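Enquirer: Contents of final10.cif (mmCIF, C-alpha atoms) are given next:
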```cif
data_target
#
loop_
_atom_site.label_atom_id
_atom_site.label_comp_id
_atom_site.auth_asym_id
_atom_site.auth_seq_id
_atom_site.Cartn_x
_atom_site.Cartn_y
_atom_site.Cartn_z
CA MET A 1 134.66 112.29 231.91
CA ASN A 2 131.80 113.92 230.00
CA PRO A 3 130.04 116.86 231.69
CA PRO A 4 126.55 116.08 233.07
CA LEU A 5 123.52 116.73 230.87
CA LEU A 6 121.71 118.15 233.92
CA ASP A 7 123.67 119.79 236.73
CA VAL A 8 121.71 121.05 239.75
CA SER A 9 123.74 122.78 242.44
CA GLY A 10 122.52 124.07 245.82
CA LEU A 11 118.91 124.41 244.66
CA GLY A 12 116.59 125.97 247.23
CA LYS A 13 112.92 126.97 247.16
CA ARG A 14 110.70 128.51 249.84
CA PHE A 15 107.00 129.29 250.02
CA GLY A 16 106.89 132.02 252.63
CA GLY A 17 108.42 130.49 255.75
CA PHE A 18 108.10 126.93 254.45
CA VAL A 19 111.30 125.38 253.08
CA ALA A 20 110.21 123.22 250.12
CA LEU A 21 113.74 122.44 248.86
CA GLU A 22 117.05 122.89 250.62
CA ALA A 23 120.50 122.70 248.98
CA ILE A 24 119.62 120.08 246.37
CA ASP A 25 122.53 118.78 244.30
CA LEU A 26 121.79 116.47 241.39
CA ARG A 27 123.85 115.48 238.36
CA VAL A 28 122.40 113.45 235.51
CA THR A 29 124.52 112.11 232.67
CA GLU A 30 123.38 111.52 229.10
CA GLY A 31 121.37 108.31 228.70
CA GLU A 32 120.77 107.65 232.41
CA ARG A 33 117.57 106.25 233.89
CA ILE A 34 116.95 107.82 237.28
CA GLY A 35 114.15 107.11 239.72
CA LEU A 36 113.12 110.02 241.96
CA ILE A 37 111.11 108.96 245.00
CA GLY A 38 109.99 110.32 248.35
CA PRO A 39 106.93 110.47 250.59
CA ASN A 40 104.11 112.87 249.74
CA GLY A 41 105.24 116.42 250.46
CA SER A 42 108.92 115.58 250.08
CA GLY A 43 109.52 118.20 247.38
CA LYS A 44 109.53 116.06 244.23
CA SER A 45 106.99 118.16 242.34
CA THR A 46 108.62 121.39 243.49
CA LEU A 47 111.97 120.16 242.20
CA VAL A 48 110.48 119.23 238.82
CA ASN A 49 108.75 122.59 238.58
CA CYS A 50 112.01 124.39 239.30
CA LEU A 51 113.85 122.32 236.69
CA SER A 52 111.20 122.84 234.02
CA GLY A 53 110.77 126.56 234.68
CA THR A 54 107.26 126.54 236.16
CA LEU A 55 108.73 127.78 239.45
CA ARG A 56 111.82 129.86 240.13
CA ASN A 57 114.32 128.72 242.72
CA GLU A 58 115.62 131.29 245.21
CA THR A 59 119.05 129.75 245.66
CA GLY A 60 121.38 127.55 243.65
CA GLN A 61 121.49 127.05 239.91
CA VAL A 62 120.46 124.65 237.17
CA ARG A 63 122.55 123.92 234.09
CA PHE A 64 121.33 121.86 231.16
CA ALA A 65 123.68 120.80 228.37
CA GLY A 66 126.16 123.31 229.77
CA ARG A 67 123.74 126.26 229.70
CA LEU A 68 122.60 128.12 232.80
CA LEU A 69 118.79 127.93 232.96
CA ASP A 70 118.19 130.39 235.81
CA GLY A 71 115.59 132.96 234.71
CA MET A 72 114.78 131.04 231.52
CA ALA A 73 111.07 130.52 230.75
CA ALA A 74 109.56 127.03 230.58
CA HIS A 75 109.09 127.07 226.79
CA GLN A 76 112.73 128.09 226.32
CA ARG A 77 113.88 125.15 228.42
CA THR A 78 111.70 122.81 226.35
CA ARG A 79 113.29 124.11 223.17
CA LEU A 80 116.71 123.32 224.65
CA GLY A 81 115.62 119.71 225.08
CA LEU A 82 114.22 119.46 228.63
CA ALA A 83 110.64 118.15 228.56
CA ARG A 84 108.21 116.80 231.11
CA SER A 85 104.97 114.87 231.21
CA PHE A 86 102.26 115.50 233.81
CA GLN A 87 100.62 113.10 236.23
CA LEU A 88 97.23 114.43 235.13
CA PRO A 89 97.27 114.52 231.31
CA ARG A 90 96.44 117.92 229.87
CA PRO A 91 95.66 117.44 226.18
CA PHE A 92 93.83 120.03 224.13
CA ARG A 93 90.45 118.33 224.22
CA SER A 94 89.05 120.17 221.21
CA LEU A 95 91.93 118.92 219.04
CA THR A 96 92.46 115.42 217.69
CA VAL A 97 95.12 113.13 219.10
CA ALA A 98 97.41 113.87 216.14
CA GLU A 99 96.81 117.62 216.37
CA ASN A 100 97.92 117.48 220.02
CA LEU A 101 101.28 116.18 218.77
CA GLN A 102 101.54 118.78 216.02
CA ILE A 103 101.67 121.65 218.53
CA PRO A 104 105.02 120.73 220.17
CA ILE A 105 106.43 119.85 216.76
CA GLU A 106 105.55 123.30 215.39
CA TYR A 107 106.32 125.39 218.47
CA VAL A 108 109.33 123.49 219.82
CA VAL A 109 111.02 121.44 217.11
CA HIS A 110 110.51 123.87 214.24
CA ALA A 111 111.19 126.85 216.51
CA ARG A 112 114.73 125.53 217.03
CA GLY A 113 115.46 126.46 213.43
CA GLU A 114 117.22 123.19 212.69
CA GLY A 115 115.05 122.27 209.72
CA ARG A 116 111.46 121.13 209.34
CA VAL A 117 110.16 117.63 209.84
CA ASP A 118 107.37 115.81 208.00
CA VAL A 119 104.65 116.51 210.56
CA PRO A 120 102.09 113.81 209.58
CA ALA A 121 104.83 111.18 209.35
CA ARG A 122 106.30 112.19 212.71
CA CYS A 123 102.87 112.10 214.38
CA ALA A 124 102.22 108.63 212.97
CA GLU A 125 105.64 107.47 214.18
CA LEU A 126 105.03 108.75 217.70
CA LEU A 127 101.55 107.22 217.91
CA GLY A 128 102.94 103.89 216.78
CA LEU A 129 105.72 104.14 219.36
CA VAL A 130 103.30 104.61 222.27
CA GLY A 131 100.74 102.06 221.07
CA LEU A 132 98.15 104.48 219.66
CA ALA A 133 98.62 103.72 215.96
CA GLY A 134 95.54 104.59 213.94
CA ARG A 135 94.02 106.76 216.69
CA GLY A 136 95.25 110.10 215.37
CA GLU A 137 91.88 111.39 214.13
CA GLU A 138 90.08 110.67 217.39
CA LEU A 139 89.47 113.20 220.15
CA PRO A 140 91.23 112.63 223.51
CA ALA A 141 87.84 112.15 225.20
CA GLY A 142 87.61 108.74 223.54
CA LEU A 143 90.83 107.45 225.11
CA THR A 144 91.08 105.26 228.20
CA GLN A 145 93.11 106.32 231.23
CA VAL A 146 96.22 104.42 230.16
CA GLU A 147 95.85 105.69 226.58
CA MET A 148 95.72 109.24 227.92
CA ARG A 149 99.01 108.59 229.75
CA LYS A 150 100.50 107.30 226.50
CA LEU A 151 99.30 110.41 224.68
CA GLU A 152 100.87 112.56 227.40
CA LEU A 153 104.21 110.81 226.89
CA ALA A 154 103.87 111.13 223.11
CA ARG A 155 103.27 114.87 223.47
CA ALA A 156 106.41 115.20 225.56
CA MET A 157 108.38 113.13 223.04
CA ALA A 158 107.06 115.23 220.15
CA ALA A 159 109.34 118.00 221.44
CA GLU A 160 112.32 115.68 220.74
CA PRO A 161 113.81 116.06 224.23
CA ARG A 162 117.24 115.01 225.39
CA LEU A 163 115.87 114.73 228.94
CA LEU A 164 112.33 113.63 229.79
CA ILE A 165 110.90 113.99 233.30
CA ALA A 166 108.01 111.52 233.61
CA ASP A 167 105.84 112.59 236.55
CA GLU A 168 103.87 109.63 237.97
CA ALA A 169 102.88 108.28 234.56
CA MET A 170 101.66 105.04 236.19
CA ALA A 171 99.48 106.36 239.03
CA GLY A 172 96.13 104.59 239.24
CA LEU A 173 96.89 102.06 236.52
CA SER A 174 96.45 98.29 236.65
CA HIS A 175 99.38 95.88 236.99
CA GLN A 176 99.44 95.22 233.24
CA GLU A 177 99.05 98.91 232.37
CA VAL A 178 101.99 99.74 234.66
CA ASP A 179 104.04 97.16 232.77
CA ASP A 180 103.00 98.76 229.46
CA ILE A 181 104.14 102.24 230.55
CA LEU A 182 107.34 100.82 232.04
CA ALA A 183 108.16 99.08 228.75
CA LEU A 184 107.45 102.32 226.88
CA LEU A 185 109.80 104.35 229.08
CA LEU A 186 112.54 101.75 228.68
CA ALA A 187 112.04 101.86 224.90
CA LEU A 188 112.36 105.65 224.91
CA ASN A 189 115.57 105.37 226.90
CA ASP A 190 116.87 102.82 224.39
CA ARG A 191 116.35 105.53 221.75
CA GLY A 192 118.78 107.77 223.62
CA VAL A 193 116.42 109.81 225.80
CA THR A 194 117.65 110.45 229.34
CA ILE A 195 114.76 109.92 231.77
CA ILE A 196 113.98 110.95 235.33
CA MET A 197 110.98 108.96 236.51
CA ILE A 198 108.96 110.12 239.53
CA GLU A 199 106.87 107.25 240.81
CA HIS A 200 105.36 105.67 243.94
CA ILE A 201 105.04 102.15 242.50
CA MET A 202 108.25 100.65 243.81
CA ARG A 203 108.36 97.57 241.59
CA ALA A 204 108.27 99.90 238.57
CA VAL A 205 110.91 102.18 240.10
CA MET A 206 113.23 99.27 240.80
CA GLY A 207 112.65 97.75 237.37
CA PHE A 208 113.46 101.03 235.65
CA SER A 209 116.12 102.84 237.61
CA GLN A 210 119.86 102.64 237.20
CA ARG A 211 120.12 105.19 240.01
CA LEU A 212 117.71 106.07 242.77
CA VAL A 213 117.38 109.54 244.32
CA VAL A 214 115.33 110.05 247.49
CA LEU A 215 113.88 113.33 248.77
CA VAL A 216 112.46 113.76 252.26
CA ALA A 217 111.17 117.06 253.64
CA GLY A 218 112.88 119.03 250.88
CA ARG A 219 116.31 117.41 251.33
CA LYS A 220 118.08 114.78 249.26
CA ILE A 221 118.86 111.96 251.68
CA ALA A 222 120.10 109.28 249.27
CA ASP A 223 121.45 108.96 245.74
CA GLY A 224 122.96 105.79 244.33
CA ASN A 225 122.47 102.14 243.47
CA PRO A 226 118.75 101.32 243.90
CA GLU A 227 119.32 98.12 245.89
CA GLU A 228 121.62 99.95 248.29
CA VAL A 229 119.43 103.03 248.57
CA ILE A 230 116.29 101.15 249.60
CA ARG A 231 118.26 99.51 252.43
CA ASN A 232 119.50 102.88 253.67
CA PRO A 233 118.22 103.25 257.28
CA GLU A 234 117.22 106.88 256.71
CA VAL A 235 115.18 105.89 253.64
CA GLU A 236 113.53 103.04 255.58
CA ARG A 237 112.59 105.44 258.37
CA ALA A 238 111.12 107.92 255.89
CA TYR A 239 108.80 105.26 254.43
CA LEU A 240 108.16 102.95 257.40
CA GLY A 241 108.65 105.19 260.43
CA GLU A 242 110.74 104.36 263.47
#
```
Using the file provided, produce a representation of the structure as structure tokens.
Expert:
Amino acid sequence: MNPPLLDVSGLGKRFGGFVALEAIDLRVTEGERIGLIGPNGSGKSTLVNCLSGTLRNETGQVRFAGRLLDGMAAHQRTRLGLARSFQLPRPFRSLTVAENLQIPIEYVVHARGEGRVDVPARCAELLGLVGLAGRGEELPAGLTQVEMRKLELARAMAAEPRLLIADEAMAGLSHQEVDDILALLLALNDRGVTIIMIEHIMRAVMGFSQRLVVLVAGRKIADGNPEEVIRNPEVERAYLGE
């Protein structure tokens, strides 16, 4: 059996006396599509921040592609192949759409020292992949909400990750726009990218996930087949109450 791409063991995080995460174990294999769900305040964002290096966990450890990440800065983790997108897109608004993609190519892909890529061609490829072909010379201010989400995913993909954490990429979108982002994430997975999707839109979660992980109050309460997980009594109580 191949070792997991991501191996989280006993992860814990506190903010003063508040326990945000407690003894989280999570193993993700290469090529998986995982949905990560939980009520607001369940610890999803804290977990992602600990994985990506924005926050430091107090207990437990994180391994990615066999390497221990504890103490490693966020940009170092990105260079290893662990990338994330943000719920609220954060493009450089003074740069064009294409220039926003050039930054991760230069500072992540080229920084790996594995050879240089044709930057204009790669930017054009990524924009075509996310449905923004021909928009490279525009400023982000001219993009719609769903186009901004697509740019955010393209920026994450520009780093050529092995694992992408997509943080609520569909929040606030219409039914059709949700379908567009869902199709895009499935296409990225088909290209070999392992994806953890954090989302509240359950039809999208169920349509995407091969495995469903549920956090409640900083604890992992379920992890398994999506159809079985959503029928778990503890999961039902977390979402519907007693």
Enquirer: Enumerate, as a list of chain:residue names, the residues matched when the PyMOL selection byres ((chain A and resi 238) around 10) is run on the file above.
Expert: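 That expression, the PyMOL selection byres ((chain A and resi 238) around 10), corresponds here to A:Gly38, A:Pro39, A:Ser42, A:Val214, A:Leu215, A:Val216, A:Ala217, A:Ile221, A:Pro233, A:Glu234, A:Val235, A:Glu236, A:Arg237, A:Tyr239, A:Leu240, A:Gly241, A:Glu242.
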Enquirer: When you draw a straight line from atom CA of A:Glu58 to atom CA of A:Gly218, how long is it in Å?
Expert: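 Straight-line distance from atom CA of A:Glu58 to atom CA of A:Gly218 works out to 13.8 Å.
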Enquirer: Apply the PyMOL selection byres ((chain A and resi 67-76) around 8) to the displayed file and report the matching residues as a ChimeraX atom specification.
Expert: /A:52-54,56,61-66,77-80,108
Enquirer: Tell me, counting only C-alpha atoms, for each residue of stretch 143-202 of chain A within 9 Å of stretch 129-138 of chain A, which pair of atoms is nearest and how far apart they are in Å to one decimal, in rows ordered by chain and increasing number, as a tab-separated table.
Expert:
```
residue	atom	partner	partner_atom	distance
A:Leu143	CA	A:Glu138	CA	8.4
A:Glu147	CA	A:Leu132	CA	7.4
A:Lys150	CA	A:Val130	CA	5.7
A:Leu151	CA	A:Val130	CA	7.4
A:Leu153	CA	A:Val130	CA	7.8
A:Ala154	CA	A:Val130	CA	6.6
A:Ile181	CA	A:Val130	CA	8.7
A:Leu184	CA	A:Val130	CA	6.6
A:Ala187	CA	A:Leu129	CA	8.7
A:Leu188	CA	A:Leu129	CA	8.8
```
Enquirer: Report the residues retrieved by the PyMOL selection byres ((chain A and resi 145) around 12) from the displayed file, expressed as number ranges by chain.
Expert: A: 87-89, 140-144, 146-152, 169-174, 177-178, 181
Enquirer: Would you put the residues from that selection into a file with C-alpha atoms, as a CSV table (one decimal), in the coordinates of the input?
Expert:
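File written: out21.csv
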```
chain,number,residue,atom,x,y,z
A,87,GLN,CA,100.6,113.1,236.2
A,88,LEU,CA,97.2,114.4,235.1
A,89,PRO,CA,97.3,114.5,231.3
A,140,PRO,CA,91.2,112.6,223.5
A,141,ALA,CA,87.8,112.2,225.2
A,142,GLY,CA,87.6,108.7,223.5
A,143,LEU,CA,90.8,107.4,225.1
A,144,THR,CA,91.1,105.3,228.2
A,146,VAL,CA,96.2,104.4,230.2
A,147,GLU,CA,95.8,105.7,226.6
A,148,MET,CA,95.7,109.2,227.9
A,149,ARG,CA,99.0,108.6,229.8
A,150,LYS,CA,100.5,107.3,226.5
A,151,LEU,CA,99.3,110.4,224.7
A,152,GLU,CA,100.9,112.6,227.4
A,169,ALA,CA,102.9,108.3,234.6
A,170,MET,CA,101.7,105.0,236.2
A,171,ALA,CA,99.5,106.4,239.0
A,172,GLY,CA,96.1,104.6,239.2
A,173,LEU,CA,96.9,102.1,236.5
A,174,SER,CA,96.4,98.3,236.6
A,177,GLU,CA,99.0,98.9,232.4
A,178,VAL,CA,102.0,99.7,234.7
A,181,ILE,CA,104.1,102.2,230.6
```
Enquirer: What separation in Å, quoted to one decimal, exists between atom CA of A:Val109 and atom CA of A:Leu6?
Expert: 20.2 Å
Enquirer: Which residue gives the smallest distance to A:Glu32 among A:Pro161, A:Gly17, A:Gly192, A:Pro226, with all atoms listed in the file counted?
Expert: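 Closest residue, counting all atoms listed in the file: A:Gly192.
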